[in-house]
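This report refers to the structure that appears directly beneath it.
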Amino acid sequence: MALEEKIKKLVDMRAEARLGGGEKRIESQHKKGKYTARERINMLLDEGSFEEIDMFVTHRCHNFGIEKESYLGDGVVTGYGTIDGRMVYVFSQDFTVMGGSLSETNAKKICKVMDMAMKAGVPIIGLNDSGGARIQEGVTSLSGYAEIFQRNIEASGVVPQLSAILGPCAGGAVYSPALTDYIIMSESNSYMFVTGPKVTKTVTGETITENDLGGAMVHASKSGVAHFVAHDEEDAINTLKRLISYMPQNFKEQTPRVECTDPIDRMEDALNTILPDNPNKPYDVKDIIKLIVDNGEFEEVHKDYAKNIVVGFARFNGQSVGIVANQPSFLAGCLDIESSRKGARFIRFCDCFNIPLVTLVDVPGFMPGSNQEYGGIITNGAKLMYAYGEATVPKVTVTLRKSYGGAHDVMSSKQLKGDFNYAWPSAEIAVMGASGAIEVLYAKGMKEIENPEEKAKYAAEKEAEYKEAFANPYQAAKYGYIDDVIEPRNTRFRIIRALAALATKKDTRPNKKHNNIPL
């Protein structure tokens, strides 16, 4: 065969591989409002940057007549390219080939790019759209999943791992995304569950739809499995691009710095009057966040889950930071089981990848009640404390209003190695609120007063005394637990200066095999 003929064969085979399962199945994919594996990659990566790997791989199975059906690429597209000029490795499951089901060779392709990403020290992005394990292959398909899981585990904390769910993701397939750092689900076409509606009905008798069992909003608001819900696939891809912009390539590097057009000394007079006069009245902490960060841009994570704590990415003077803030407009900002886990997971990610933490505190305490105690609020609250205590990245804390009891300690206090701890003049740092405190401190005196008017007057006097002593930040500042009391309108500038002072921070913890976080 002449060279020209061999080249023609190569060109023809490439064209065949790019068609995946064929024109009819591509058309079917489009009718569902879904893009193909390669179309998704083209949307994600810089134009012309994608280099495909293992285009000619095919399965090796001979069971149940599957040997009669074989496709180049075998249901997953793998390779590397750039996003805004920064290298990433990517795999994109191809639903047009046997429903994107995972085979032995399919898994090997995914494992290969994960190994290459680890060696190169660059992020891994998975675009998931698969019916699960290829049944005809049995245990070899299952072992393929386990190989992927092991790599997810080894890559954790080494390079960022992002997952987009753009179709079905069921059974064992869910555990690879679950092991990655962030999950984006498309609202229109995606679902995740370990066991589907049919088996659920057989085993438990429960009748439920795919969407109600494992749809995007279910996992975003109820289970917390999904960190982001995208309106459609384009929105999901754009979310991936924004997310990756806040992250370094790997754990050894710093986050990319962008040019800042927002003055670092910009004062926000609105912050001086943003808190309600009544300390028990709620407000939206996101209004404060948007006033202090660069250009008001805040990429909130888990916005539909555990709304009593707000977490997400922003920039100060062009530097990526992770923001953790109590949310007084939801459950008064109390810490509960879900919010503690949400905050801890986010903090640990930031610490993995050298992203400084900025914490805004307004917390009246931990949520009381038997449901919380039976659900393990003690252990779950300890997760949040543990995450702050083990974090070695720069930590800047600003107490806005309430900081009571154990919740004060948990929220990046000086004793948990907070680097700079500031407070607004409105800060109240105490074991508990004034009304609760006097019921404990003056219980005997209150009991001895029979006249209701006199009792109310006595309680008001003692409450005022307690507020004078503790409903301010100066008691904590006297002991050095607060480094400075700052004017609210200067918050942005003070945070930026603190981050600059901490740019060369080096902090270590005792040498050990690994820690044992209270799971």
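Residue numbers start at 1 in each chain; chains themselves are named A, B, ... in the order of the structure tokens; ligands are numbered from 1 in the order shown.
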Determine, counting only C-alpha atoms, which protein, DNA and RNA residues have an atom within 12 Å of an atom of segment 109-114 of chain A; residues of the same chain fewer than 6 positions away are not included. Present the result as number ranges by chain. A: 51-59, 73-81, 88-93, 102-103, 120-128, 143-156, 158-161, 176
May I have the residues from that selection written out with N, CA and C atoms, as a compact mmCIF listing (two decimals), in the first residue's frame?
```txt
# COMPACT_ATOMS: atom_id res chain seq x y z
N GLU A 51 -5.83 18.28 21.98
CA GLU A 51 -5.07 17.18 21.40
C GLU A 51 -5.64 15.88 21.94
N GLU A 52 -6.21 15.08 21.05
CA GLU A 52 -6.87 13.86 21.47
C GLU A 52 -5.87 12.71 21.64
N ILE A 53 -6.16 11.87 22.62
CA ILE A 53 -5.35 10.69 22.92
C ILE A 53 -6.24 9.45 22.79
N ASP A 54 -5.69 8.38 22.24
CA ASP A 54 -6.39 7.08 22.16
C ASP A 54 -7.66 7.12 21.31
N MET A 55 -7.59 7.82 20.20
CA MET A 55 -8.74 7.90 19.30
C MET A 55 -9.11 6.54 18.71
N PHE A 56 -8.14 5.64 18.57
CA PHE A 56 -8.38 4.38 17.85
C PHE A 56 -8.61 3.18 18.77
N VAL A 57 -8.76 3.42 20.06
CA VAL A 57 -9.01 2.34 21.00
C VAL A 57 -10.40 1.74 20.76
N THR A 58 -10.49 0.41 20.83
CA THR A 58 -11.78 -0.29 20.75
C THR A 58 -11.86 -1.31 21.88
N HIS A 59 -13.08 -1.75 22.19
CA HIS A 59 -13.23 -2.72 23.28
C HIS A 59 -12.72 -4.10 22.86
N GLY A 73 -12.59 4.69 19.58
CA GLY A 73 -12.69 5.57 20.75
C GLY A 73 -13.42 4.93 21.90
N ASP A 74 -14.32 4.00 21.61
CA ASP A 74 -15.02 3.18 22.61
C ASP A 74 -15.78 3.99 23.66
N GLY A 75 -16.42 5.08 23.24
CA GLY A 75 -17.37 5.73 24.12
C GLY A 75 -16.83 6.78 25.06
N VAL A 76 -15.58 7.17 24.91
CA VAL A 76 -15.06 8.29 25.69
C VAL A 76 -13.97 8.99 24.88
N VAL A 77 -14.00 10.32 24.93
CA VAL A 77 -13.00 11.13 24.23
C VAL A 77 -12.04 11.68 25.28
N THR A 78 -10.75 11.45 25.11
CA THR A 78 -9.77 11.87 26.11
C THR A 78 -8.65 12.67 25.46
N GLY A 79 -8.03 13.54 26.25
CA GLY A 79 -6.91 14.33 25.73
C GLY A 79 -6.60 15.52 26.62
N TYR A 80 -5.97 16.52 26.03
CA TYR A 80 -5.58 17.70 26.79
C TYR A 80 -5.69 18.94 25.91
N GLY A 81 -5.74 20.09 26.58
CA GLY A 81 -5.84 21.36 25.88
C GLY A 81 -5.74 22.48 26.90
N VAL A 88 -5.07 21.82 30.82
CA VAL A 88 -5.92 20.88 31.57
C VAL A 88 -5.98 19.57 30.81
N TYR A 89 -6.25 18.48 31.53
CA TYR A 89 -6.57 17.20 30.89
C TYR A 89 -8.07 16.99 31.03
N VAL A 90 -8.66 16.32 30.03
CA VAL A 90 -10.12 16.19 30.02
C VAL A 90 -10.53 14.83 29.48
N PHE A 91 -11.61 14.29 30.03
CA PHE A 91 -12.28 13.16 29.39
C PHE A 91 -13.76 13.48 29.27
N SER A 92 -14.35 13.07 28.16
CA SER A 92 -15.75 13.39 27.87
C SER A 92 -16.45 12.13 27.39
N GLN A 93 -17.39 11.65 28.18
CA GLN A 93 -18.08 10.41 27.84
C GLN A 93 -19.04 10.63 26.67
N LEU A 102 -19.26 2.29 30.54
CA LEU A 102 -17.85 2.13 30.84
C LEU A 102 -17.39 0.69 30.57
N SER A 103 -16.39 0.55 29.73
CA SER A 103 -15.79 -0.74 29.45
C SER A 103 -14.38 -0.78 30.05
N ALA A 120 1.99 15.76 35.11
CA ALA A 120 2.20 17.13 34.60
C ALA A 120 1.81 18.18 35.64
N GLY A 121 1.03 17.78 36.65
CA GLY A 121 0.59 18.73 37.66
C GLY A 121 -0.42 19.72 37.13
N VAL A 122 -1.45 19.20 36.43
CA VAL A 122 -2.48 20.09 35.89
C VAL A 122 -3.86 19.52 36.23
N PRO A 123 -4.90 20.37 36.22
CA PRO A 123 -6.24 19.93 36.61
C PRO A 123 -6.81 18.86 35.69
N ILE A 124 -7.76 18.09 36.25
CA ILE A 124 -8.49 17.05 35.51
C ILE A 124 -9.97 17.44 35.48
N ILE A 125 -10.54 17.44 34.29
CA ILE A 125 -11.96 17.77 34.14
C ILE A 125 -12.67 16.59 33.48
N GLY A 126 -13.74 16.12 34.12
CA GLY A 126 -14.54 15.03 33.57
C GLY A 126 -15.91 15.50 33.17
N LEU A 127 -16.30 15.20 31.93
CA LEU A 127 -17.64 15.53 31.43
C LEU A 127 -18.42 14.21 31.36
N ASN A 128 -19.34 14.03 32.29
CA ASN A 128 -19.99 12.74 32.50
C ASN A 128 -21.34 12.65 31.80
N SER A 143 -13.98 -3.39 37.58
CA SER A 143 -12.59 -3.12 37.96
C SER A 143 -12.12 -1.82 37.32
N GLY A 144 -12.66 -1.51 36.14
CA GLY A 144 -12.32 -0.23 35.50
C GLY A 144 -12.76 0.95 36.34
N TYR A 145 -13.96 0.87 36.91
CA TYR A 145 -14.42 1.93 37.81
C TYR A 145 -13.49 2.06 39.01
N ALA A 146 -13.13 0.91 39.60
CA ALA A 146 -12.27 0.96 40.78
C ALA A 146 -10.91 1.58 40.46
N GLU A 147 -10.39 1.31 39.26
CA GLU A 147 -9.12 1.94 38.84
C GLU A 147 -9.27 3.46 38.78
N ILE A 148 -10.40 3.91 38.27
CA ILE A 148 -10.64 5.37 38.21
C ILE A 148 -10.76 5.94 39.61
N PHE A 149 -11.52 5.26 40.48
CA PHE A 149 -11.70 5.74 41.85
C PHE A 149 -10.35 5.90 42.56
N GLN A 150 -9.48 4.91 42.38
CA GLN A 150 -8.18 4.98 43.04
C GLN A 150 -7.40 6.20 42.58
N ARG A 151 -7.50 6.51 41.32
CA ARG A 151 -6.79 7.70 40.81
C ARG A 151 -7.42 8.99 41.31
N ASN A 152 -8.76 9.00 41.44
CA ASN A 152 -9.40 10.17 42.05
C ASN A 152 -8.87 10.40 43.45
N ILE A 153 -8.71 9.32 44.19
CA ILE A 153 -8.22 9.42 45.57
C ILE A 153 -6.78 9.91 45.60
N GLU A 154 -5.94 9.35 44.73
CA GLU A 154 -4.53 9.75 44.72
C GLU A 154 -4.35 11.18 44.22
N ALA A 155 -5.24 11.62 43.33
CA ALA A 155 -5.13 12.99 42.79
C ALA A 155 -5.68 14.03 43.75
N SER A 156 -6.47 13.59 44.75
CA SER A 156 -7.09 14.52 45.67
C SER A 156 -6.05 15.34 46.42
N VAL A 158 -3.78 17.04 45.11
CA VAL A 158 -2.58 17.20 44.27
C VAL A 158 -2.87 18.12 43.09
N VAL A 159 -3.95 17.82 42.37
CA VAL A 159 -4.42 18.69 41.29
C VAL A 159 -5.92 18.88 41.45
N PRO A 160 -6.48 20.02 41.05
CA PRO A 160 -7.93 20.19 41.10
C PRO A 160 -8.63 19.18 40.19
N GLN A 161 -9.77 18.66 40.67
CA GLN A 161 -10.59 17.73 39.89
C GLN A 161 -12.01 18.27 39.83
N SER A 176 -17.02 8.38 41.16
CA SER A 176 -15.89 9.15 40.65
C SER A 176 -16.16 10.65 40.79
```
Surrounding residues of segment 209-215 of chain A excluding itself and chain neighbours under 4 positions, 12 Å, only C-alpha atoms, as a count of residues only: 36
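Residue nearest Asp409 of chain A, chosen from A:Phe470, A:Tyr442, A:Tyr481, A:Tyr422 and counting only C-alpha atoms: A:Tyr481.
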Out of segment 119-336 of chain A, which residues get strand (DSSP E or B) from DSSP, as an NGL selection string? :A and (124-128 or 133 or 161-165 or 168-170 or 182-186 or 191-193 or 215 or 228-230 or 299-301 or 309-316 or 319-326 or 335)
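Among A:Asp265, A:Glu428, A:Glu299, A:Glu373, the residue with the shortest atom-to-atom distance to Thr399 of chain A, counting only C-alpha atoms, is A:Glu428.
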Of the listed residues A:Ala469, A:Ile486, A:Ile323, A:Ile41, that which approaches Val293 of chain A most closely, counting only C-alpha atoms: A:Ile323
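Distances here use only C-alpha atoms; by that measure, the residue among A:Val361, A:Thr261, A:Ala391, A:Ile83 closest to Asn42 of chain A is A:Ile83.
Counting from atom CA of Ala430 of chain A, the distance to atom CA of Lys414 of chain A is 14.5 Å.
Considering only C-alpha atoms, the residue among A:Ile347, A:Ile378, A:Leu243, A:Leu162 positioned nearest to Glu300 of chain A is A:Leu243.
Using only C-alpha atoms, the smallest distance between any of A:Ala306, A:Cys350, A:Thr392, A:Lys119 and Thr504 of chain A comes from A:Thr392.
Here atom CA of Glu468 of chain A stands at a distance of 24.4 Å from atom CA of Val410 of chain A.
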Let's see if you can do this: from backbone DSSP, list all helix (DSSP H, G or I) residues in segment 330-464 of chain A, as a PyMOL selection string. chain A and resi 331-333+337-352+370-375+377-390+405-410+414-416+434-441+443-448+452-464
Hey, can you spit out that residue selection with C-alpha atoms as an mmCIF file, in the first residue's frame?
```cif
data_model
loop_
_atom_site.group_PDB
_atom_site.id
_atom_site.type_symbol
_atom_site.label_atom_id
_atom_site.label_comp_id
_atom_site.auth_asym_id
_atom_site.auth_seq_id
_atom_site.Cartn_x
_atom_site.Cartn_y
_atom_site.Cartn_z
ATOM 1 C CA LEU A 331 -31.649 30.442 60.522
ATOM 2 C CA ALA A 332 -30.093 33.580 62.059
ATOM 3 C CA GLY A 333 -26.715 32.331 60.841
ATOM 4 C CA ILE A 337 -24.908 19.861 60.752
ATOM 5 C CA GLU A 338 -25.191 20.731 57.073
ATOM 6 C CA SER A 339 -23.547 24.151 57.260
ATOM 7 C CA SER A 340 -20.638 22.782 59.306
ATOM 8 C CA ARG A 341 -19.951 20.082 56.703
ATOM 9 C CA LYS A 342 -20.352 22.540 53.846
ATOM 10 C CA GLY A 343 -17.919 25.004 55.382
ATOM 11 C CA ALA A 344 -15.383 22.337 56.342
ATOM 12 C CA ARG A 345 -15.273 20.827 52.853
ATOM 13 C CA PHE A 346 -14.733 24.231 51.236
ATOM 14 C CA ILE A 347 -12.041 25.255 53.718
ATOM 15 C CA ARG A 348 -10.128 22.020 53.157
ATOM 16 C CA PHE A 349 -10.198 22.531 49.391
ATOM 17 C CA CYS A 350 -8.800 26.046 49.752
ATOM 18 C CA ASP A 351 -6.086 24.807 52.081
ATOM 19 C CA CYS A 352 -5.160 22.032 49.613
ATOM 20 C CA SER A 370 -32.786 16.901 69.502
ATOM 21 C CA ASN A 371 -32.632 16.548 65.711
ATOM 22 C CA GLN A 372 -29.253 18.239 65.686
ATOM 23 C CA GLU A 373 -27.922 16.266 68.649
ATOM 24 C CA TYR A 374 -29.163 12.928 67.305
ATOM 25 C CA GLY A 375 -27.757 13.778 63.882
ATOM 26 C CA ILE A 377 -23.916 18.150 65.557
ATOM 27 C CA ILE A 378 -20.992 17.564 67.922
ATOM 28 C CA THR A 379 -18.992 15.575 65.367
ATOM 29 C CA ASN A 380 -20.089 17.699 62.432
ATOM 30 C CA GLY A 381 -19.353 20.960 64.203
ATOM 31 C CA ALA A 382 -15.937 19.532 65.016
ATOM 32 C CA LYS A 383 -15.326 19.069 61.270
ATOM 33 C CA LEU A 384 -15.564 22.808 60.728
ATOM 34 C CA MET A 385 -13.284 23.502 63.677
ATOM 35 C CA TYR A 386 -10.823 20.867 62.470
ATOM 36 C CA ALA A 387 -10.749 22.312 58.965
ATOM 37 C CA TYR A 388 -9.895 25.795 60.217
ATOM 38 C CA GLY A 389 -7.367 24.497 62.731
ATOM 39 C CA GLU A 390 -5.448 22.373 60.215
ATOM 40 C CA GLY A 405 -19.958 30.590 72.536
ATOM 41 C CA GLY A 406 -18.325 27.610 70.862
ATOM 42 C CA ALA A 407 -19.273 29.029 67.484
ATOM 43 C CA HIS A 408 -16.877 31.916 68.163
ATOM 44 C CA ASP A 409 -14.025 29.471 68.607
ATOM 45 C CA VAL A 410 -14.971 27.529 65.464
ATOM 46 C CA LYS A 414 -7.138 33.470 66.917
ATOM 47 C CA GLN A 415 -6.789 30.221 68.872
ATOM 48 C CA LEU A 416 -7.349 28.197 65.663
ATOM 49 C CA ALA A 434 -27.122 39.264 77.087
ATOM 50 C CA SER A 435 -30.651 37.987 77.797
ATOM 51 C CA GLY A 436 -29.491 34.376 78.083
ATOM 52 C CA ALA A 437 -26.468 35.336 80.149
ATOM 53 C CA ILE A 438 -28.381 37.174 82.890
ATOM 54 C CA GLU A 439 -30.781 34.256 83.257
ATOM 55 C CA VAL A 440 -27.754 32.210 84.279
ATOM 56 C CA LEU A 441 -25.754 34.830 86.144
ATOM 57 C CA ALA A 443 -31.084 33.471 88.370
ATOM 58 C CA LYS A 444 -31.156 33.604 92.168
ATOM 59 C CA GLY A 445 -31.670 37.378 92.318
ATOM 60 C CA MET A 446 -34.438 37.226 89.718
ATOM 61 C CA LYS A 447 -36.192 34.468 91.620
ATOM 62 C CA GLU A 448 -36.266 36.517 94.826
ATOM 63 C CA PRO A 452 -43.113 41.705 87.787
ATOM 64 C CA GLU A 453 -42.257 45.363 87.117
ATOM 65 C CA GLU A 454 -39.319 45.317 89.511
ATOM 66 C CA LYS A 455 -38.141 42.016 88.038
ATOM 67 C CA ALA A 456 -38.240 43.460 84.514
ATOM 68 C CA LYS A 457 -36.369 46.580 85.665
ATOM 69 C CA TYR A 458 -33.725 44.469 87.419
ATOM 70 C CA ALA A 459 -33.305 42.266 84.347
ATOM 71 C CA ALA A 460 -32.948 45.315 82.086
ATOM 72 C CA GLU A 461 -30.264 46.814 84.349
ATOM 73 C CA LYS A 462 -28.260 43.597 84.453
ATOM 74 C CA GLU A 463 -28.661 43.089 80.722
ATOM 75 C CA ALA A 464 -27.326 46.600 80.109
#
```
